[in-house]
$ cat query_7.cif   # mmCIF, N, CA and C atoms and all ligand atoms
data_start
#
loop_
_atom_site.label_atom_id
_atom_site.label_comp_id
_atom_site.auth_asym_id
_atom_site.auth_seq_id
_atom_site.Cartn_x
_atom_site.Cartn_y
_atom_site.Cartn_z
N MET A 1 102.95 193.71 273.77
CA MET A 1 103.08 193.29 275.16
C MET A 1 104.46 192.68 275.38
N ASN A 2 105.04 192.96 276.53
CA ASN A 2 106.35 192.42 276.86
C ASN A 2 106.22 191.09 277.61
N ILE A 3 106.77 190.05 277.00
CA ILE A 3 106.75 188.73 277.63
C ILE A 3 108.18 188.22 277.67
N THR A 4 108.63 187.75 278.83
CA THR A 4 109.93 187.11 278.89
C THR A 4 109.73 185.72 279.47
N GLY A 5 110.61 184.81 279.05
CA GLY A 5 110.48 183.45 279.55
C GLY A 5 111.81 182.73 279.48
N SER A 6 111.84 181.54 280.06
CA SER A 6 113.07 180.76 280.08
C SER A 6 112.72 179.29 280.29
N CYS A 7 113.69 178.43 279.96
CA CYS A 7 113.51 177.00 280.18
C CYS A 7 113.79 176.69 281.65
N HIS A 8 113.62 175.45 282.04
CA HIS A 8 113.79 175.12 283.46
C HIS A 8 115.22 175.29 283.93
N CYS A 9 116.20 174.92 283.11
CA CYS A 9 117.60 175.03 283.56
C CYS A 9 118.15 176.44 283.38
N GLY A 10 117.41 177.30 282.70
CA GLY A 10 117.83 178.70 282.57
C GLY A 10 118.76 178.98 281.41
N THR A 11 119.09 177.95 280.63
CA THR A 11 120.02 178.15 279.51
C THR A 11 119.35 178.97 278.39
N VAL A 12 118.12 178.61 278.07
CA VAL A 12 117.42 179.29 276.99
C VAL A 12 116.52 180.38 277.57
N ARG A 13 116.68 181.60 277.04
CA ARG A 13 115.82 182.71 277.44
C ARG A 13 115.27 183.39 276.19
N TYR A 14 114.06 183.92 276.33
CA TYR A 14 113.47 184.60 275.17
C TYR A 14 112.70 185.82 275.61
N GLU A 15 112.42 186.67 274.65
CA GLU A 15 111.52 187.79 274.91
C GLU A 15 110.64 188.00 273.69
N SER A 16 109.45 188.51 273.98
CA SER A 16 108.52 188.84 272.92
C SER A 16 107.98 190.23 273.22
N THR A 17 108.14 191.12 272.27
CA THR A 17 107.68 192.50 272.48
C THR A 17 106.58 192.87 271.47
N GLY A 18 106.23 191.90 270.63
CA GLY A 18 105.24 192.18 269.60
C GLY A 18 103.82 191.92 270.07
N LYS A 19 102.95 191.85 269.09
CA LYS A 19 101.53 191.65 269.34
C LYS A 19 101.24 190.24 269.85
N VAL A 20 100.34 190.14 270.82
CA VAL A 20 99.80 188.83 271.21
C VAL A 20 98.54 188.60 270.40
N LEU A 21 98.49 187.51 269.65
CA LEU A 21 97.37 187.26 268.75
C LEU A 21 96.32 186.34 269.35
N ARG A 22 96.77 185.44 270.23
CA ARG A 22 95.83 184.49 270.80
C ARG A 22 96.47 183.80 271.99
N PHE A 23 95.64 183.41 272.95
CA PHE A 23 96.10 182.61 274.09
C PHE A 23 95.10 181.47 274.22
N ALA A 24 95.54 180.26 273.87
CA ALA A 24 94.61 179.13 273.82
C ALA A 24 95.22 177.90 274.49
N ASN A 25 94.36 177.11 275.10
CA ASN A 25 94.78 175.82 275.62
C ASN A 25 94.51 174.78 274.54
N CYS A 26 95.59 174.19 274.03
CA CYS A 26 95.44 173.24 272.92
C CYS A 26 95.52 171.80 273.42
N HIS A 27 94.48 171.05 273.09
CA HIS A 27 94.35 169.67 273.58
C HIS A 27 94.73 168.65 272.51
N CYS A 28 95.35 169.06 271.41
CA CYS A 28 95.65 168.11 270.33
C CYS A 28 96.69 167.07 270.79
N ASP A 29 96.71 165.95 270.07
CA ASP A 29 97.64 164.86 270.42
C ASP A 29 99.07 165.35 270.47
N ASP A 30 99.46 166.14 269.46
CA ASP A 30 100.85 166.59 269.37
C ASP A 30 101.23 167.43 270.58
N CYS A 31 100.32 168.33 271.00
CA CYS A 31 100.63 169.17 272.16
C CYS A 31 100.68 168.34 273.44
N ARG A 32 99.76 167.38 273.56
CA ARG A 32 99.77 166.56 274.77
C ARG A 32 101.06 165.77 274.89
N LYS A 33 101.45 165.14 273.79
CA LYS A 33 102.66 164.32 273.81
C LYS A 33 103.92 165.16 274.02
N THR A 34 104.04 166.24 273.28
CA THR A 34 105.29 167.00 273.35
C THR A 34 105.40 167.82 274.63
N ASN A 35 104.28 168.04 275.31
CA ASN A 35 104.34 168.76 276.59
C ASN A 35 104.19 167.81 277.77
N GLY A 36 103.82 166.56 277.50
CA GLY A 36 103.66 165.59 278.58
C GLY A 36 102.57 165.99 279.55
N SER A 37 101.53 166.64 279.05
CA SER A 37 100.52 167.17 279.94
C SER A 37 99.14 167.10 279.29
N ALA A 38 98.10 167.50 280.03
CA ALA A 38 96.73 167.41 279.52
C ALA A 38 96.54 168.27 278.29
N TYR A 39 97.23 169.41 278.26
CA TYR A 39 97.13 170.32 277.12
C TYR A 39 98.31 171.27 277.14
N SER A 40 98.46 172.01 276.07
CA SER A 40 99.50 173.02 276.01
C SER A 40 98.86 174.39 276.10
N ALA A 41 99.28 175.19 277.06
CA ALA A 41 98.84 176.58 277.14
C ALA A 41 99.73 177.35 276.18
N ALA A 42 99.13 177.82 275.08
CA ALA A 42 99.92 178.35 273.97
C ALA A 42 99.58 179.82 273.70
N ILE A 43 100.61 180.63 273.67
CA ILE A 43 100.44 182.06 273.38
C ILE A 43 100.99 182.32 271.98
N VAL A 44 100.11 182.77 271.10
CA VAL A 44 100.55 183.07 269.73
C VAL A 44 100.97 184.54 269.67
N VAL A 45 102.21 184.77 269.28
CA VAL A 45 102.72 186.14 269.18
C VAL A 45 103.23 186.38 267.76
N SER A 46 103.36 187.65 267.41
CA SER A 46 103.92 187.94 266.09
C SER A 46 105.43 187.75 266.15
N SER A 47 105.98 187.13 265.11
CA SER A 47 107.39 186.75 265.16
C SER A 47 108.32 187.95 265.09
N ASP A 48 107.84 189.11 264.62
CA ASP A 48 108.78 190.23 264.50
C ASP A 48 109.25 190.75 265.86
N GLY A 49 108.50 190.51 266.92
CA GLY A 49 108.95 190.97 268.24
C GLY A 49 109.58 189.87 269.07
N PHE A 50 109.78 188.71 268.46
CA PHE A 50 110.28 187.56 269.24
C PHE A 50 111.77 187.36 269.01
N ARG A 51 112.51 187.16 270.10
CA ARG A 51 113.90 186.73 269.92
C ARG A 51 114.38 185.89 271.10
N ILE A 52 115.28 184.98 270.76
CA ILE A 52 115.96 184.19 271.78
C ILE A 52 117.09 185.06 272.32
N THR A 53 117.09 185.32 273.62
CA THR A 53 118.08 186.24 274.19
C THR A 53 119.27 185.51 274.80
N ALA A 54 119.13 184.20 275.02
CA ALA A 54 120.26 183.40 275.54
C ALA A 54 120.04 181.95 275.18
N GLY A 55 121.14 181.25 274.99
CA GLY A 55 121.07 179.79 274.83
C GLY A 55 120.55 179.29 273.50
N GLU A 56 120.64 180.11 272.47
CA GLU A 56 120.12 179.68 271.15
C GLU A 56 120.74 178.34 270.72
N ASN A 57 122.00 178.13 271.04
CA ASN A 57 122.67 176.87 270.65
C ASN A 57 122.07 175.64 271.33
N ALA A 58 121.44 175.84 272.48
CA ALA A 58 120.85 174.72 273.22
C ALA A 58 119.45 174.37 272.72
N LEU A 59 118.89 175.24 271.88
CA LEU A 59 117.54 174.97 271.36
C LEU A 59 117.60 173.90 270.28
N THR A 60 116.77 172.90 270.43
CA THR A 60 116.66 171.84 269.43
C THR A 60 115.25 171.87 268.86
N ALA A 61 115.12 171.64 267.57
CA ALA A 61 113.80 171.66 266.94
C ALA A 61 113.41 170.24 266.55
N TYR A 62 112.16 169.92 266.80
CA TYR A 62 111.58 168.63 266.42
C TYR A 62 110.40 168.91 265.50
N GLU A 63 110.40 168.29 264.34
CA GLU A 63 109.32 168.50 263.39
C GLU A 63 108.18 167.55 263.73
N SER A 64 107.17 168.04 264.46
CA SER A 64 106.10 167.17 264.97
C SER A 64 105.07 166.84 263.90
N SER A 65 104.92 167.69 262.91
CA SER A 65 104.13 167.41 261.73
C SER A 65 104.81 168.19 260.60
N PRO A 66 104.54 167.83 259.33
CA PRO A 66 105.30 168.47 258.26
C PRO A 66 105.26 170.00 258.34
N GLY A 67 106.43 170.60 258.45
CA GLY A 67 106.52 172.06 258.46
C GLY A 67 106.32 172.70 259.81
N LYS A 68 106.01 171.91 260.84
CA LYS A 68 105.83 172.48 262.18
C LYS A 68 106.97 172.03 263.08
N HIS A 69 107.75 172.99 263.55
CA HIS A 69 108.90 172.68 264.38
C HIS A 69 108.65 173.12 265.81
N ARG A 70 108.79 172.17 266.72
CA ARG A 70 108.65 172.47 268.14
C ARG A 70 110.05 172.56 268.72
N CYS A 71 110.35 173.69 269.35
CA CYS A 71 111.70 173.94 269.85
C CYS A 71 111.74 173.74 271.36
N PHE A 72 112.74 173.01 271.80
CA PHE A 72 112.88 172.74 273.24
C PHE A 72 114.34 172.83 273.65
N CYS A 73 114.57 172.99 274.94
CA CYS A 73 115.93 173.06 275.44
C CYS A 73 116.53 171.66 275.45
N SER A 74 117.66 171.48 274.79
CA SER A 74 118.27 170.16 274.69
C SER A 74 118.87 169.72 276.02
N ARG A 75 119.01 170.65 276.96
CA ARG A 75 119.58 170.30 278.26
C ARG A 75 118.50 169.82 279.23
N CYS A 76 117.42 170.59 279.36
CA CYS A 76 116.40 170.25 280.36
C CYS A 76 115.08 169.78 279.75
N GLY A 77 114.92 169.92 278.46
CA GLY A 77 113.72 169.41 277.79
C GLY A 77 112.52 170.34 277.80
N SER A 78 112.62 171.52 278.41
CA SER A 78 111.47 172.42 278.42
C SER A 78 111.03 172.78 277.01
N PRO A 79 109.73 172.60 276.70
CA PRO A 79 109.23 173.07 275.40
C PRO A 79 109.16 174.60 275.43
N ILE A 80 109.74 175.25 274.45
CA ILE A 80 109.81 176.72 274.47
C ILE A 80 108.83 177.34 273.49
N CYS A 81 108.88 176.91 272.24
CA CYS A 81 108.04 177.55 271.23
C CYS A 81 107.88 176.64 270.02
N SER A 82 106.92 176.97 269.19
CA SER A 82 106.74 176.28 267.91
C SER A 82 106.74 177.31 266.80
N ARG A 83 107.22 176.88 265.64
CA ARG A 83 107.17 177.73 264.45
C ARG A 83 106.65 176.90 263.30
N MET A 84 105.89 177.54 262.42
CA MET A 84 105.35 176.84 261.27
C MET A 84 105.90 177.46 260.00
N LYS A 85 106.40 176.59 259.12
CA LYS A 85 106.96 177.06 257.84
C LYS A 85 105.94 177.87 257.06
N ALA A 86 104.67 177.41 257.12
CA ALA A 86 103.62 178.07 256.34
C ALA A 86 103.17 179.40 256.96
N LYS A 87 103.56 179.64 258.23
CA LYS A 87 103.15 180.87 258.91
C LYS A 87 104.35 181.50 259.61
N PRO A 88 105.31 181.99 258.84
CA PRO A 88 106.53 182.54 259.46
C PRO A 88 106.27 183.79 260.29
N GLU A 89 105.08 184.38 260.14
CA GLU A 89 104.78 185.63 260.85
C GLU A 89 104.39 185.41 262.32
N ILE A 90 104.23 184.14 262.72
CA ILE A 90 103.87 183.89 264.12
C ILE A 90 104.83 182.91 264.81
N VAL A 91 104.90 183.05 266.12
CA VAL A 91 105.61 182.10 266.97
C VAL A 91 104.62 181.71 268.07
N ILE A 92 104.60 180.43 268.41
CA ILE A 92 103.71 179.96 269.47
C ILE A 92 104.55 179.67 270.70
N LEU A 93 104.32 180.45 271.75
CA LEU A 93 105.08 180.29 272.99
C LEU A 93 104.37 179.31 273.91
N ARG A 94 105.12 178.59 274.71
CA ARG A 94 104.55 177.70 275.72
C ARG A 94 104.43 178.48 277.02
N ALA A 95 103.19 178.76 277.41
CA ALA A 95 102.96 179.70 278.50
C ALA A 95 103.61 179.27 279.82
N GLY A 96 103.82 177.96 279.99
CA GLY A 96 104.45 177.49 281.22
C GLY A 96 105.87 177.97 281.39
N THR A 97 106.50 178.43 280.31
CA THR A 97 107.88 178.91 280.41
C THR A 97 107.96 180.42 280.62
N VAL A 98 106.81 181.09 280.66
CA VAL A 98 106.81 182.54 280.88
C VAL A 98 107.25 182.83 282.31
N ASP A 99 108.09 183.84 282.49
CA ASP A 99 108.53 184.24 283.83
C ASP A 99 107.59 185.34 284.34
N GLY A 100 107.08 185.15 285.53
CA GLY A 100 106.18 186.13 286.14
C GLY A 100 104.78 186.02 285.59
N ASP A 101 103.96 187.01 285.89
CA ASP A 101 102.56 186.97 285.46
C ASP A 101 102.41 187.60 284.08
N LEU A 102 101.25 187.41 283.52
CA LEU A 102 100.89 187.97 282.23
C LEU A 102 99.65 188.82 282.43
N ALA A 103 99.50 189.82 281.60
CA ALA A 103 98.29 190.65 281.66
C ALA A 103 97.13 189.99 280.91
N ILE A 104 97.37 188.80 280.39
CA ILE A 104 96.35 188.11 279.61
C ILE A 104 96.08 186.74 280.23
N ARG A 105 94.95 186.17 279.87
CA ARG A 105 94.55 184.85 280.35
C ARG A 105 94.10 184.03 279.15
N PRO A 106 94.11 182.69 279.27
CA PRO A 106 93.64 181.88 278.15
C PRO A 106 92.22 182.28 277.74
N GLU A 107 92.00 182.31 276.42
CA GLU A 107 90.70 182.76 275.88
C GLU A 107 89.81 181.62 275.47
N MET A 108 90.38 180.44 275.25
CA MET A 108 89.59 179.35 274.65
C MET A 108 90.35 178.04 274.77
N HIS A 109 89.60 176.97 274.50
CA HIS A 109 90.20 175.64 274.34
C HIS A 109 90.11 175.28 272.86
N ILE A 110 91.17 174.71 272.32
CA ILE A 110 91.12 174.26 270.92
C ILE A 110 91.50 172.77 270.85
N PHE A 111 91.09 172.15 269.75
CA PHE A 111 91.28 170.70 269.54
C PHE A 111 90.71 169.88 270.69
N VAL A 112 89.53 170.32 271.15
CA VAL A 112 88.87 169.63 272.26
C VAL A 112 88.46 168.21 271.86
N LYS A 113 88.28 167.98 270.55
CA LYS A 113 87.91 166.63 270.11
C LYS A 113 89.02 165.61 270.41
N ALA A 114 90.24 166.09 270.62
CA ALA A 114 91.37 165.19 270.89
C ALA A 114 91.78 165.21 272.36
N LYS A 115 90.97 165.81 273.19
CA LYS A 115 91.29 165.99 274.61
C LYS A 115 91.51 164.64 275.30
N ALA A 116 92.37 164.64 276.31
CA ALA A 116 92.59 163.43 277.10
C ALA A 116 91.28 163.04 277.81
N PRO A 117 90.85 161.78 277.68
CA PRO A 117 89.57 161.38 278.27
C PRO A 117 89.54 161.55 279.79
N TRP A 118 90.70 161.53 280.42
CA TRP A 118 90.77 161.64 281.89
C TRP A 118 90.77 163.08 282.38
N TYR A 119 90.77 164.02 281.43
CA TYR A 119 90.81 165.43 281.84
C TYR A 119 89.48 166.11 281.54
N ASP A 120 88.87 166.72 282.55
CA ASP A 120 87.62 167.45 282.36
C ASP A 120 87.90 168.94 282.36
N ILE A 121 87.37 169.61 281.35
CA ILE A 121 87.49 171.07 281.28
C ILE A 121 86.44 171.65 282.23
N ARG A 122 86.88 172.39 283.20
CA ARG A 122 85.96 172.90 284.23
C ARG A 122 85.91 174.42 284.25
N ASP A 123 86.03 175.03 283.10
CA ASP A 123 85.86 176.49 283.05
C ASP A 123 84.84 176.81 281.95
N ASP A 124 84.52 178.09 281.83
CA ASP A 124 83.48 178.49 280.88
C ASP A 124 84.02 179.03 279.57
N LEU A 125 85.31 178.83 279.33
CA LEU A 125 85.88 179.35 278.08
C LEU A 125 85.29 178.59 276.89
N PRO A 126 85.21 179.26 275.73
CA PRO A 126 84.70 178.58 274.53
C PRO A 126 85.56 177.36 274.20
N GLN A 127 84.88 176.31 273.72
CA GLN A 127 85.57 175.08 273.33
C GLN A 127 85.39 174.85 271.84
N HIS A 128 86.51 174.75 271.13
CA HIS A 128 86.46 174.48 269.69
C HIS A 128 86.95 173.06 269.42
N PRO A 129 86.24 172.29 268.56
CA PRO A 129 86.67 170.93 268.27
C PRO A 129 88.06 170.88 267.66
N GLU A 130 88.37 171.85 266.78
CA GLU A 130 89.70 171.92 266.17
C GLU A 130 90.20 173.35 266.31
N TRP A 131 90.70 173.90 265.22
CA TRP A 131 91.15 175.28 265.24
C TRP A 131 90.00 176.22 265.54
N ALA A 132 90.28 177.34 266.16
CA ALA A 132 89.28 178.37 266.32
C ALA A 132 89.35 179.26 265.09
N PRO A 133 88.21 179.81 264.68
CA PRO A 133 88.25 180.73 263.53
C PRO A 133 89.15 181.93 263.86
N PRO A 134 89.83 182.49 262.88
CA PRO A 134 90.70 183.62 263.15
C PRO A 134 89.90 184.82 263.64
N LYS A 135 90.52 185.65 264.48
CA LYS A 135 89.84 186.81 265.04
C LYS A 135 89.57 187.86 263.99
ZN ZN B 1 116.99 174.26 279.72
ZN ZN B 2 98.09 171.51 269.79
#
$ encode --input "query_7.cif" --output "structure tokens"
Amino acid sequence: MNITGSCHCGTVRYESTGKVLRFANCHCDDCRKTNGSAYSAAIVVSSDGFRITAGENALTAYESSPGKHRCFCSRCGSPICSRMKAKPEIVILRAGTVDGDLAIRPEMHIFVKAKAPWYDIRDDLPQHPEWAPPK
């Protein structure tokens, strides 16, 4: 699937042409804090089709937990993607930075046990306390 996205200031641009493996709303503490929101809408894609097409120098990585790097635009702060040392074959995109619509929709909620108490999930998607089992 073809996905293109960019940060708010437009410096960083990316494209993903590989497989989409999962689309999940993650409610974990790390996602809430680093996205400043109730949850992170996260699209897991295969890393072989992913590339930064502009502004690679502006991307800054923050290691939010050992081996997990969250990349954001150093100019505007938009969270762009995460990469895990232990899983180099995947990249996790932040769906809010996608340009235009997607042919896919979120499939599930994950890390619901860490959800913000003030946020109620009001859809019928499956809710997993932590990680969802692999497909
Ligand atoms: Zn930016
Ligand atoms: Zn998370």
$ closest_residue --input "query_7.cif" --among "A:Val20, A:Leu102, A:Cys9, A:Cys73" --to "Lys135 (chain A)" --atoms "only C-alpha atoms"
A:Val20
$ residues_near_ligand --input "query_7.cif" --ligand "ligand ZN 1 (chain B)" --cutoff "7 Å" --atoms "only C-alpha atoms and all ligand atoms" --output "ChimeraX atom specification"
/A:7-12,73-78
$ write_last_selection --input "query_7.cif" --atoms "N, CA and C atoms" --output "JSON list (two decimals), in the coordinates of the input"
[["chain", "number", "residue", "atom", "x", "y", "z"],
["A", 7, "CYS", "N", 113.69, 178.43, 279.96],
["A", 7, "CYS", "CA", 113.51, 177.00, 280.18],
["A", 7, "CYS", "C", 113.79, 176.69, 281.65],
["A", 8, "HIS", "N", 113.62, 175.45, 282.04],
["A", 8, "HIS", "CA", 113.79, 175.12, 283.46],
["A", 8, "HIS", "C", 115.22, 175.29, 283.93],
["A", 9, "CYS", "N", 116.20, 174.92, 283.11],
["A", 9, "CYS", "CA", 117.60, 175.03, 283.56],
["A", 9, "CYS", "C", 118.15, 176.44, 283.38],
["A", 10, "GLY", "N", 117.41, 177.30, 282.70],
["A", 10, "GLY", "CA", 117.83, 178.70, 282.57],
["A", 10, "GLY", "C", 118.76, 178.98, 281.41],
["A", 11, "THR", "N", 119.09, 177.95, 280.63],
["A", 11, "THR", "CA", 120.02, 178.15, 279.51],
["A", 11, "THR", "C", 119.35, 178.97, 278.39],
["A", 12, "VAL", "N", 118.12, 178.61, 278.07],
["A", 12, "VAL", "CA", 117.42, 179.29, 276.99],
["A", 12, "VAL", "C", 116.52, 180.38, 277.57],
["A", 73, "CYS", "N", 114.57, 172.99, 274.94],
["A", 73, "CYS", "CA", 115.93, 173.06, 275.44],
["A", 73, "CYS", "C", 116.53, 171.66, 275.45],
["A", 74, "SER", "N", 117.66, 171.48, 274.79],
["A", 74, "SER", "CA", 118.27, 170.16, 274.69],
["A", 74, "SER", "C", 118.87, 169.72, 276.02],
["A", 75, "ARG", "N", 119.01, 170.65, 276.96],
["A", 75, "ARG", "CA", 119.58, 170.30, 278.26],
["A", 75, "ARG", "C", 118.50, 169.82, 279.23],
["A", 76, "CYS", "N", 117.42, 170.59, 279.36],
["A", 76, "CYS", "CA", 116.40, 170.25, 280.36],
["A", 76, "CYS", "C", 115.08, 169.78, 279.75],
["A", 77, "GLY", "N", 114.92, 169.92, 278.46],
["A", 77, "GLY", "CA", 113.72, 169.41, 277.79],
["A", 77, "GLY", "C", 112.52, 170.34, 277.80],
["A", 78, "SER", "N", 112.62, 171.52, 278.41],
["A", 78, "SER", "CA", 111.47, 172.42, 278.42],
["A", 78, "SER", "C", 111.03, 172.78, 277.01]]
$ residues_near_ligand --input "query_7.cif" --ligand "ligand ZN 2 (chain B)" --cutoff "6.5 Å" --atoms "all atoms listed in the file" --output "number ranges by chain"
A: 26-32, 40
$ atom_distance --input "query_7.cif" --atom1 "atom C of Met1 (chain A)" --atom2 "atom C of Ser16 (chain A)"
4.8 Å
$ residues_near_point --input "query_7.cif" --point "(108.1, 187.3, 282.8)" --cutoff "6 Å" --atoms "all atoms listed in the file" --output "ChimeraX atom specification"
/A:3-5,98-101
$ residues_around --input "query_7.cif" --residues "region 107-112 of chain A" --least-positions-apart "4" --cutoff "7 Å" --atoms "all atoms listed in the file" --output "PDB file with N, CA and C atoms, in the coordinates of the input"
ATOM      1  N   ARG A  22      96.770 185.440 270.230  1.00  0.00           N
ATOM      2  CA  ARG A  22      95.830 184.490 270.800  1.00  0.00           C
ATOM      3  C   ARG A  22      96.470 183.800 271.990  1.00  0.00           C
ATOM      4  N   PHE A  23      95.640 183.410 272.950  1.00  0.00           N
ATOM      5  CA  PHE A  23      96.100 182.610 274.090  1.00  0.00           C
ATOM      6  C   PHE A  23      95.100 181.470 274.220  1.00  0.00           C
ATOM      7  N   ALA A  24      95.540 180.260 273.870  1.00  0.00           N
ATOM      8  CA  ALA A  24      94.610 179.130 273.820  1.00  0.00           C
ATOM      9  C   ALA A  24      95.220 177.900 274.490  1.00  0.00           C
ATOM     10  N   ASN A  25      94.360 177.110 275.100  1.00  0.00           N
ATOM     11  CA  ASN A  25      94.780 175.820 275.620  1.00  0.00           C
ATOM     12  C   ASN A  25      94.510 174.780 274.540  1.00  0.00           C
ATOM     13  N   CYS A  26      95.590 174.190 274.030  1.00  0.00           N
ATOM     14  CA  CYS A  26      95.440 173.240 272.920  1.00  0.00           C
ATOM     15  C   CYS A  26      95.520 171.800 273.420  1.00  0.00           C
ATOM     16  N   HIS A  27      94.480 171.050 273.090  1.00  0.00           N
ATOM     17  CA  HIS A  27      94.350 169.670 273.580  1.00  0.00           C
ATOM     18  C   HIS A  27      94.730 168.650 272.510  1.00  0.00           C
ATOM     19  N   CYS A  28      95.350 169.060 271.410  1.00  0.00           N
ATOM     20  CA  CYS A  28      95.650 168.110 270.330  1.00  0.00           C
ATOM     21  C   CYS A  28      96.690 167.070 270.790  1.00  0.00           C
ATOM     22  N   ALA A 116      92.370 164.640 276.310  1.00  0.00           N
ATOM     23  CA  ALA A 116      92.590 163.430 277.100  1.00  0.00           C
ATOM     24  C   ALA A 116      91.280 163.040 277.810  1.00  0.00           C
ATOM     25  N   LEU A 125      85.310 178.830 279.330  1.00  0.00           N
ATOM     26  CA  LEU A 125      85.880 179.350 278.080  1.00  0.00           C
ATOM     27  C   LEU A 125      85.290 178.590 276.890  1.00  0.00           C
ATOM     28  N   PRO A 126      85.210 179.260 275.730  1.00  0.00           N
ATOM     29  CA  PRO A 126      84.700 178.580 274.530  1.00  0.00           C
ATOM     30  C   PRO A 126      85.560 177.360 274.200  1.00  0.00           C
ATOM     31  N   GLN A 127      84.880 176.310 273.720  1.00  0.00           N
ATOM     32  CA  GLN A 127      85.570 175.080 273.330  1.00  0.00           C
ATOM     33  C   GLN A 127      85.390 174.850 271.840  1.00  0.00           C
ATOM     34  N   HIS A 128      86.510 174.750 271.130  1.00  0.00           N
ATOM     35  CA  HIS A 128      86.460 174.480 269.690  1.00  0.00           C
ATOM     36  C   HIS A 128      86.950 173.060 269.420  1.00  0.00           C
ATOM     37  N   PRO A 129      86.240 172.290 268.560  1.00  0.00           N
ATOM     38  CA  PRO A 129      86.670 170.930 268.270  1.00  0.00           C
ATOM     39  C   PRO A 129      88.060 170.880 267.660  1.00  0.00           C
ATOM     40  N   GLU A 130      88.370 171.850 266.780  1.00  0.00           N
ATOM     41  CA  GLU A 130      89.700 171.920 266.170  1.00  0.00           C
ATOM     42  C   GLU A 130      90.200 173.350 266.310  1.00  0.00           C
ATOM     43  N   TRP A 131      90.700 173.900 265.220  1.00  0.00           N
ATOM     44  CA  TRP A 131      91.150 175.280 265.240  1.00  0.00           C
ATOM     45  C   TRP A 131      90.000 176.220 265.540  1.00  0.00           C
ATOM     46  N   ALA A 132      90.280 177.340 266.160  1.00  0.00           N
ATOM     47  CA  ALA A 132      89.280 178.370 266.320  1.00  0.00           C
ATOM     48  C   ALA A 132      89.350 179.260 265.090  1.00  0.00           C
TER      49      ALA A 132
END
$ atom_distance --input "query_7.cif" --atom1 "atom C of Gly18 (chain A)" --atom2 "atom C of Ala38 (chain A)"
26.1 Å
$ closest_residue --input "query_7.cif" --among "A:Lys113, A:Val44, A:Pro79, A:Thr53" --to "Thr97 (chain A)" --atoms "all atoms listed in the file"
A:Pro79
$ atom_distance --input "query_7.cif" --atom1 "atom C of Gly49 (chain A)" --atom2 "atom C of Lys68 (chain A)"
19.0 Å
$ select_by_dssp --input "query_7.cif" --residues "chain A" --states "helix (DSSP H, G or I)" --output "PyMOL selection string"
chain A and resi 29-35+47-49+56-58+95-97+112-114
$ select_by_dssp --input "query_7.cif" --residues "chain A" --states "strand (DSSP E or B)" --output "ChimeraX atom specification"
/A:3-6,13-16,20-26,40-46,50-54,59-65,68-73,79-84,87-94,98,108-110,127
